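For reference, the structure discussed in these notes is given below.
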Amino acid sequence: MPTSPSLRDRTAEAGAPVPSGPPDKGDRRRTRPERAALLRRIGLRVLALAVLLGGWQLVTALQIWSPVLVPSPAAVWRALLETSGTHDGVRGYQGHTLIEHLGISLRRIFIGAGAGVAAGLVLGVLMGTLPWVRVVLEPAVAFLRTLPPLAYFSLLIIWFGIDEAPKLWLLAIAAMPPVAVATASAVASAPTALVEAARAIGARRGQVVTSVVLPSALPEILVGVRLAFGIAYSSVVAAETVNGLPGIGGLIRDAQRYNQSDTVVLGLFAIGISGLLIDAALRLLSDRLAPWRSHA
């Protein structure tokens with residue numbers, strides 16, 4: 001029994017351009033020049049990292065600054081060992097290991113930023129498809145986007161106390177505007193010919209949005225999601241300034257009070273490396289969901 005053609009197929013028959021689908025596996029295999037270029041990029045990054053570590057070691061060996069200001073790589077390594085296990089009867093830092101501090105912060109980021117991304121997607125679709133909604137909400141979204149997290153964190157503490165709620169709200173508010181702006185811009189700039197062709201064959205507004213507009217806007221939306229998680233990650237220290245232990249931001253703030261710069265640097269490395277891994281995962285997701293478009 002023949003199946004009815006999908007909205008995408010009927011739109012293509014109407015003569016409108018349709019975004020190309022994922023390429024064949026054979027097309028996605030790297031050629032020899034591409035592999036060589038990839039190896040060169042990896043080699044340059046490893047070389048740059050080695051130069052940075054060598055310069056760091058040289059500066060600390062020459063004692064240009066006090067070890068309290070610039071800890072040596074060896075001191076940071078010792079801090080890593082001390083915060084990763086139990087030493088002299090003390091477990092990690094303030095009773096939690098480094099990986100536990102990082103895991104708790106990551107949980108806060110995924111819950112808070114995830115809620116912000118979901119809200120941003122809804123607002124972005126509404127702003128991109130309904131002009132009056134954009135007129136009403138765009139100033140508020142722009143206003144939130146310009147506010148630094150610490151500017152409204154005190155108000156969140158007054159509203160929700162010092163437990164988990166203000167931290168999650170802060171991360172959600174920080175993550176929502178970039179997704180809303182990226183989604184609204186991408187949805188509003190969907191191919192006009194494709195939208196009109198879908199309407200001409202009888203597609204309802206919801207079908208046009210889900211089957212035509214959102215697939216076309218997906219690459220830009222994913223860029224907004226990456227930006228949102230980056231902003232939320234950079235806000236985690238602000239979110240954990242109050243009652244942030246356990247948590248990697250709380251660890252950094254607490255170590256700063258006691259001039260433990262080696263632990264502070266270790267916390268920064270933990271945030272930076274895990275942030276790079278999260279961004280790489282989002283890049284991979286973008287490649288899988290929208291392989292016909294190059295990611296940012």
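Labels for the structure tokens follow display order: chains A, B, ..., residues from 1 in each chain, ligands from 1.
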
Counting only C-alpha atoms, which residues of segment 154-273 of chain A fall within 6 Å of segment 107-124 of chain A, and what is the closest atom pair for each with its distance in Å at one decimal, ordered by chain and rising number, as a tab-separated table?
residue	atom	partner	partner_atom	distance
A:Leu168	CA	A:Gly112	CA	4.4
A:Leu171	CA	A:Gly112	CA	5.0
A:Ala172	CA	A:Gly116	CA	4.0
A:Ala175	CA	A:Gly116	CA	5.0
A:Met176	CA	A:Gly116	CA	4.3
A:Val179	CA	A:Gly120	CA	4.9
A:Ala180	CA	A:Gly120	CA	4.1
A:Thr183	CA	A:Gly124	CA	4.7
A:Ala184	CA	A:Gly124	CA	4.2

Saved selection, atoms kept: C-alpha atoms, as a PDB file, in the first residue's frame:
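This is the output file selection05.pdb:
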ATOM      1  CA  LEU A 168      19.553  27.260  39.160  1.00  0.00           C
ATOM      2  CA  LEU A 171      22.027  29.823  35.325  1.00  0.00           C
ATOM      3  CA  ALA A 172      18.643  29.566  33.595  1.00  0.00           C
ATOM      4  CA  ALA A 175      21.333  30.820  29.345  1.00  0.00           C
ATOM      5  CA  MET A 176      17.934  31.885  28.024  1.00  0.00           C
ATOM      6  CA  VAL A 179      19.048  30.862  22.618  1.00  0.00           C
ATOM      7  CA  ALA A 180      15.995  33.112  22.266  1.00  0.00           C
ATOM      8  CA  THR A 183      16.210  31.038  17.468  1.00  0.00           C
ATOM      9  CA  ALA A 184      14.136  34.150  16.693  1.00  0.00           C
TER      10      ALA A 184
END

So which residues of segment 21-183 of chain A fall under strand (DSSP E or B) by DSSP, listed as an MDAnalysis selection string?
chainID A and resid 86:87 90:91 93 96

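Take the candidates A:Val187, A:Ile252, A:Val242, A:Val223 and check each one against Asp279 of chain A using only C-alpha atoms; the shortest distance goes to A:Val223.
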
Shell around segment 87-97 of chain A at 12 Å using only C-alpha atoms, local window under 6 positions removed, as a VMD selection string
chain A and resid 78 to 81 103 to 104 244 to 248 250 to 252 254 to 255 260 263 to 264 266 to 267

Enumerate the residues of segment 155-252 of chain A with a DSSP assignment of alpha helix (DSSP H), computed from the backbone, and present them as a ChimeraX atom specification.
/A:155-160,164-188,192-200,205-208,214-234,236-239,248-252

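Every protein or nucleic acid residue with an atom no more than 9 Å from Ser286 of chain A, counting only C-alpha atoms and leaving out same-chain residues fewer than 2 positions away, appears here: Leu218, Pro219, Leu222, Val223, Ala281, Leu282, Arg283, Leu284, Arg288, Leu289, Ala290, Pro291, Arg293, Ser294 and His295 of chain A.
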
Can you work out which one of A:Ala140, A:Ala239, A:Gly128, A:Glu220 has the shortest atom-to-atom distance to Leu170 of chain A, counting only C-alpha atoms?
A:Ala239

Contacts of Val208 of chain A within 10 Å, only C-alpha atoms, excl. fewer than 3 positions in-chain, as a list in words
Leu7, Arg8, Leu194, Val195, Glu196, Ala197, Ala198, Arg199, Gly202, Ala203, Arg204, Arg205, Ser211, Val212, Val213 and Leu214 of chain A

How many Å separate atom CA of Val225 of chain A from atom CA of Trp169 of chain A?
17.2 Å

Nearby residues (only C-alpha atoms) at most 10 Å from Val265 of chain A, same-chain spacing under 3 positions excluded, as a PDB file with all heavy atoms, in the first residue's frame:
ATOM      1  N   VAL A  70      51.522  33.579  41.634  1.00  0.00           N
ATOM      2  CA  VAL A  70      51.636  32.681  40.479  1.00  0.00           C
ATOM      3  C   VAL A  70      52.181  31.341  40.962  1.00  0.00           C
ATOM      4  O   VAL A  70      53.405  31.178  41.093  1.00  0.00           O
ATOM      5  CB  VAL A  70      52.545  33.269  39.382  1.00  0.00           C
ATOM      6  CG1 VAL A  70      52.591  32.326  38.173  1.00  0.00           C
ATOM      7  CG2 VAL A  70      52.083  34.646  38.963  1.00  0.00           C
ATOM      8  N   PRO A  71      51.323  30.370  41.258  1.00  0.00           N
ATOM      9  CA  PRO A  71      51.813  29.063  41.711  1.00  0.00           C
ATOM     10  C   PRO A  71      52.484  28.319  40.576  1.00  0.00           C
ATOM     11  O   PRO A  71      52.162  28.501  39.397  1.00  0.00           O
ATOM     12  CB  PRO A  71      50.532  28.359  42.166  1.00  0.00           C
ATOM     13  CG  PRO A  71      49.454  28.980  41.345  1.00  0.00           C
ATOM     14  CD  PRO A  71      49.858  30.419  41.171  1.00  0.00           C
ATOM     15  N   SER A  72      53.399  27.459  40.914  1.00  0.00           N
ATOM     16  CA  SER A  72      54.115  26.678  39.902  1.00  0.00           C
ATOM     17  C   SER A  72      53.259  25.528  39.411  1.00  0.00           C
ATOM     18  O   SER A  72      52.308  25.111  40.087  1.00  0.00           O
ATOM     19  CB  SER A  72      55.415  26.136  40.497  1.00  0.00           C
ATOM     20  OG  SER A  72      55.126  25.191  41.518  1.00  0.00           O
ATOM     21  N   PRO A  73      53.571  24.983  38.228  1.00  0.00           N
ATOM     22  CA  PRO A  73      52.850  23.784  37.780  1.00  0.00           C
ATOM     23  C   PRO A  73      52.933  22.643  38.775  1.00  0.00           C
ATOM     24  O   PRO A  73      51.965  21.889  38.946  1.00  0.00           O
ATOM     25  CB  PRO A  73      53.545  23.439  36.457  1.00  0.00           C
ATOM     26  CG  PRO A  73      54.110  24.724  35.974  1.00  0.00           C
ATOM     27  CD  PRO A  73      54.509  25.475  37.205  1.00  0.00           C
ATOM     28  N   ALA A  75      53.065  22.910  42.033  1.00  0.00           N
ATOM     29  CA  ALA A  75      52.144  23.191  43.139  1.00  0.00           C
ATOM     30  C   ALA A  75      50.711  22.875  42.745  1.00  0.00           C
ATOM     31  O   ALA A  75      49.936  22.336  43.546  1.00  0.00           O
ATOM     32  CB  ALA A  75      52.275  24.656  43.560  1.00  0.00           C
ATOM     33  N   VAL A  76      50.356  23.203  41.509  1.00  0.00           N
ATOM     34  CA  VAL A  76      49.002  22.891  41.042  1.00  0.00           C
ATOM     35  C   VAL A  76      48.811  21.379  40.954  1.00  0.00           C
ATOM     36  O   VAL A  76      47.739  20.857  41.281  1.00  0.00           O
ATOM     37  CB  VAL A  76      48.740  23.573  39.684  1.00  0.00           C
ATOM     38  CG1 VAL A  76      47.380  23.168  39.118  1.00  0.00           C
ATOM     39  CG2 VAL A  76      48.826  25.084  39.814  1.00  0.00           C
ATOM     40  N   ALA A  79      48.186  20.118  44.347  1.00  0.00           N
ATOM     41  CA  ALA A  79      46.808  20.431  44.742  1.00  0.00           C
ATOM     42  C   ALA A  79      45.831  19.448  44.107  1.00  0.00           C
ATOM     43  O   ALA A  79      44.842  19.050  44.738  1.00  0.00           O
ATOM     44  CB  ALA A  79      46.463  21.864  44.332  1.00  0.00           C
ATOM     45  N   ILE A 252      36.639  27.361  44.362  1.00  0.00           N
ATOM     46  CA  ILE A 252      37.500  28.473  43.962  1.00  0.00           C
ATOM     47  C   ILE A 252      37.334  29.655  44.908  1.00  0.00           C
ATOM     48  O   ILE A 252      38.313  30.270  45.349  1.00  0.00           O
ATOM     49  CB  ILE A 252      37.185  28.879  42.512  1.00  0.00           C
ATOM     50  CG1 ILE A 252      37.632  27.771  41.547  1.00  0.00           C
ATOM     51  CG2 ILE A 252      37.864  30.193  42.148  1.00  0.00           C
ATOM     52  CD1 ILE A 252      37.232  28.011  40.109  1.00  0.00           C
ATOM     53  N   ALA A 255      38.917  28.784  48.360  1.00  0.00           N
ATOM     54  CA  ALA A 255      40.384  28.776  48.312  1.00  0.00           C
ATOM     55  C   ALA A 255      40.927  30.194  48.164  1.00  0.00           C
ATOM     56  O   ALA A 255      41.998  30.508  48.691  1.00  0.00           O
ATOM     57  CB  ALA A 255      40.852  27.902  47.151  1.00  0.00           C
ATOM     58  N   GLN A 256      40.205  31.054  47.479  1.00  0.00           N
ATOM     59  CA  GLN A 256      40.648  32.438  47.307  1.00  0.00           C
ATOM     60  C   GLN A 256      40.692  33.172  48.649  1.00  0.00           C
ATOM     61  O   GLN A 256      41.570  34.000  48.896  1.00  0.00           O
ATOM     62  CB  GLN A 256      39.712  33.148  46.327  1.00  0.00           C
ATOM     63  CG  GLN A 256      39.924  34.654  46.213  1.00  0.00           C
ATOM     64  CD  GLN A 256      38.929  35.444  47.022  1.00  0.00           C
ATOM     65  OE1 GLN A 256      37.765  35.052  47.118  1.00  0.00           O
ATOM     66  NE2 GLN A 256      39.366  36.546  47.605  1.00  0.00           N
ATOM     67  N   GLN A 260      44.934  30.359  48.668  1.00  0.00           N
ATOM     68  CA  GLN A 260      45.412  29.090  48.123  1.00  0.00           C
ATOM     69  C   GLN A 260      45.338  29.164  46.592  1.00  0.00           C
ATOM     70  O   GLN A 260      44.478  28.572  45.958  1.00  0.00           O
ATOM     71  CB  GLN A 260      44.569  27.935  48.668  1.00  0.00           C
ATOM     72  CG  GLN A 260      44.678  27.755  50.170  1.00  0.00           C
ATOM     73  CD  GLN A 260      43.764  26.661  50.693  1.00  0.00           C
ATOM     74  OE1 GLN A 260      42.766  26.303  50.075  1.00  0.00           O
ATOM     75  NE2 GLN A 260      44.114  26.106  51.839  1.00  0.00           N
ATOM     76  N   SER A 261      46.290  29.892  46.035  1.00  0.00           N
ATOM     77  CA  SER A 261      46.232  30.156  44.593  1.00  0.00           C
ATOM     78  C   SER A 261      46.409  28.893  43.771  1.00  0.00           C
ATOM     79  O   SER A 261      45.890  28.793  42.652  1.00  0.00           O
ATOM     80  CB  SER A 261      47.297  31.188  44.201  1.00  0.00           C
ATOM     81  OG  SER A 261      48.591  30.747  44.610  1.00  0.00           O
ATOM     82  N   ASP A 262      47.146  27.889  44.301  1.00  0.00           N
ATOM     83  CA  ASP A 262      47.301  26.650  43.541  1.00  0.00           C
ATOM     84  C   ASP A 262      45.955  25.938  43.386  1.00  0.00           C
ATOM     85  O   ASP A 262      45.641  25.410  42.311  1.00  0.00           O
ATOM     86  CB  ASP A 262      48.314  25.731  44.218  1.00  0.00           C
ATOM     87  CG  ASP A 262      48.030  25.533  45.712  1.00  0.00           C
ATOM     88  OD1 ASP A 262      47.096  26.185  46.234  1.00  0.00           O
ATOM     89  OD2 ASP A 262      48.738  24.735  46.349  1.00  0.00           O
ATOM     90  N   LEU A 268      40.183  26.511  38.133  1.00  0.00           N
ATOM     91  CA  LEU A 268      40.022  27.137  36.814  1.00  0.00           C
ATOM     92  C   LEU A 268      40.307  26.142  35.695  1.00  0.00           C
ATOM     93  O   LEU A 268      39.608  26.115  34.672  1.00  0.00           O
ATOM     94  CB  LEU A 268      40.947  28.352  36.702  1.00  0.00           C
ATOM     95  CG  LEU A 268      40.646  29.522  37.645  1.00  0.00           C
ATOM     96  CD1 LEU A 268      41.693  30.617  37.476  1.00  0.00           C
ATOM     97  CD2 LEU A 268      39.256  30.075  37.382  1.00  0.00           C
ATOM     98  N   PHE A 269      41.353  25.331  35.884  1.00  0.00           N
ATOM     99  CA  PHE A 269      41.651  24.302  34.883  1.00  0.00           C
ATOM    100  C   PHE A 269      40.503  23.298  34.782  1.00  0.00           C
ATOM    101  O   PHE A 269      40.141  22.859  33.675  1.00  0.00           O
ATOM    102  CB  PHE A 269      42.953  23.577  35.230  1.00  0.00           C
ATOM    103  CG  PHE A 269      44.188  24.256  34.728  1.00  0.00           C
ATOM    104  CD1 PHE A 269      45.205  24.602  35.594  1.00  0.00           C
ATOM    105  CD2 PHE A 269      44.328  24.553  33.390  1.00  0.00           C
ATOM    106  CE1 PHE A 269      46.349  25.238  35.129  1.00  0.00           C
ATOM    107  CE2 PHE A 269      45.464  25.187  32.908  1.00  0.00           C
ATOM    108  CZ  PHE A 269      46.484  25.536  33.785  1.00  0.00           C
ATOM    109  N   ALA A 270      39.934  22.913  35.921  1.00  0.00           N
ATOM    110  CA  ALA A 270      38.823  21.957  35.900  1.00  0.00           C
ATOM    111  C   ALA A 270      37.635  22.528  35.134  1.00  0.00           C
ATOM    112  O   ALA A 270      37.005  21.829  34.325  1.00  0.00           O
ATOM    113  CB  ALA A 270      38.421  21.599  37.327  1.00  0.00           C
ATOM    114  N   ILE A 271      37.327  23.804  35.364  1.00  0.00           N
ATOM    115  CA  ILE A 271      36.218  24.432  34.646  1.00  0.00           C
ATOM    116  C   ILE A 271      36.532  24.518  33.157  1.00  0.00           C
ATOM    117  O   ILE A 271      35.699  24.191  32.301  1.00  0.00           O
ATOM    118  CB  ILE A 271      35.932  25.827  35.225  1.00  0.00           C
ATOM    119  CG1 ILE A 271      35.337  25.710  36.629  1.00  0.00           C
ATOM    120  CG2 ILE A 271      34.984  26.604  34.325  1.00  0.00           C
ATOM    121  CD1 ILE A 271      35.114  27.049  37.307  1.00  0.00           C
TER     122      ILE A 271
END

Counting only C-alpha atoms, the option among A:Leu285, A:Ile99, A:Ile173, A:Leu130 closest to Ala142 of chain A
A:Ile173

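The gap separating atom CA of Leu137 of chain A from atom CA of Ala186 of chain A is 16.4 Å, in Å to one decimal.
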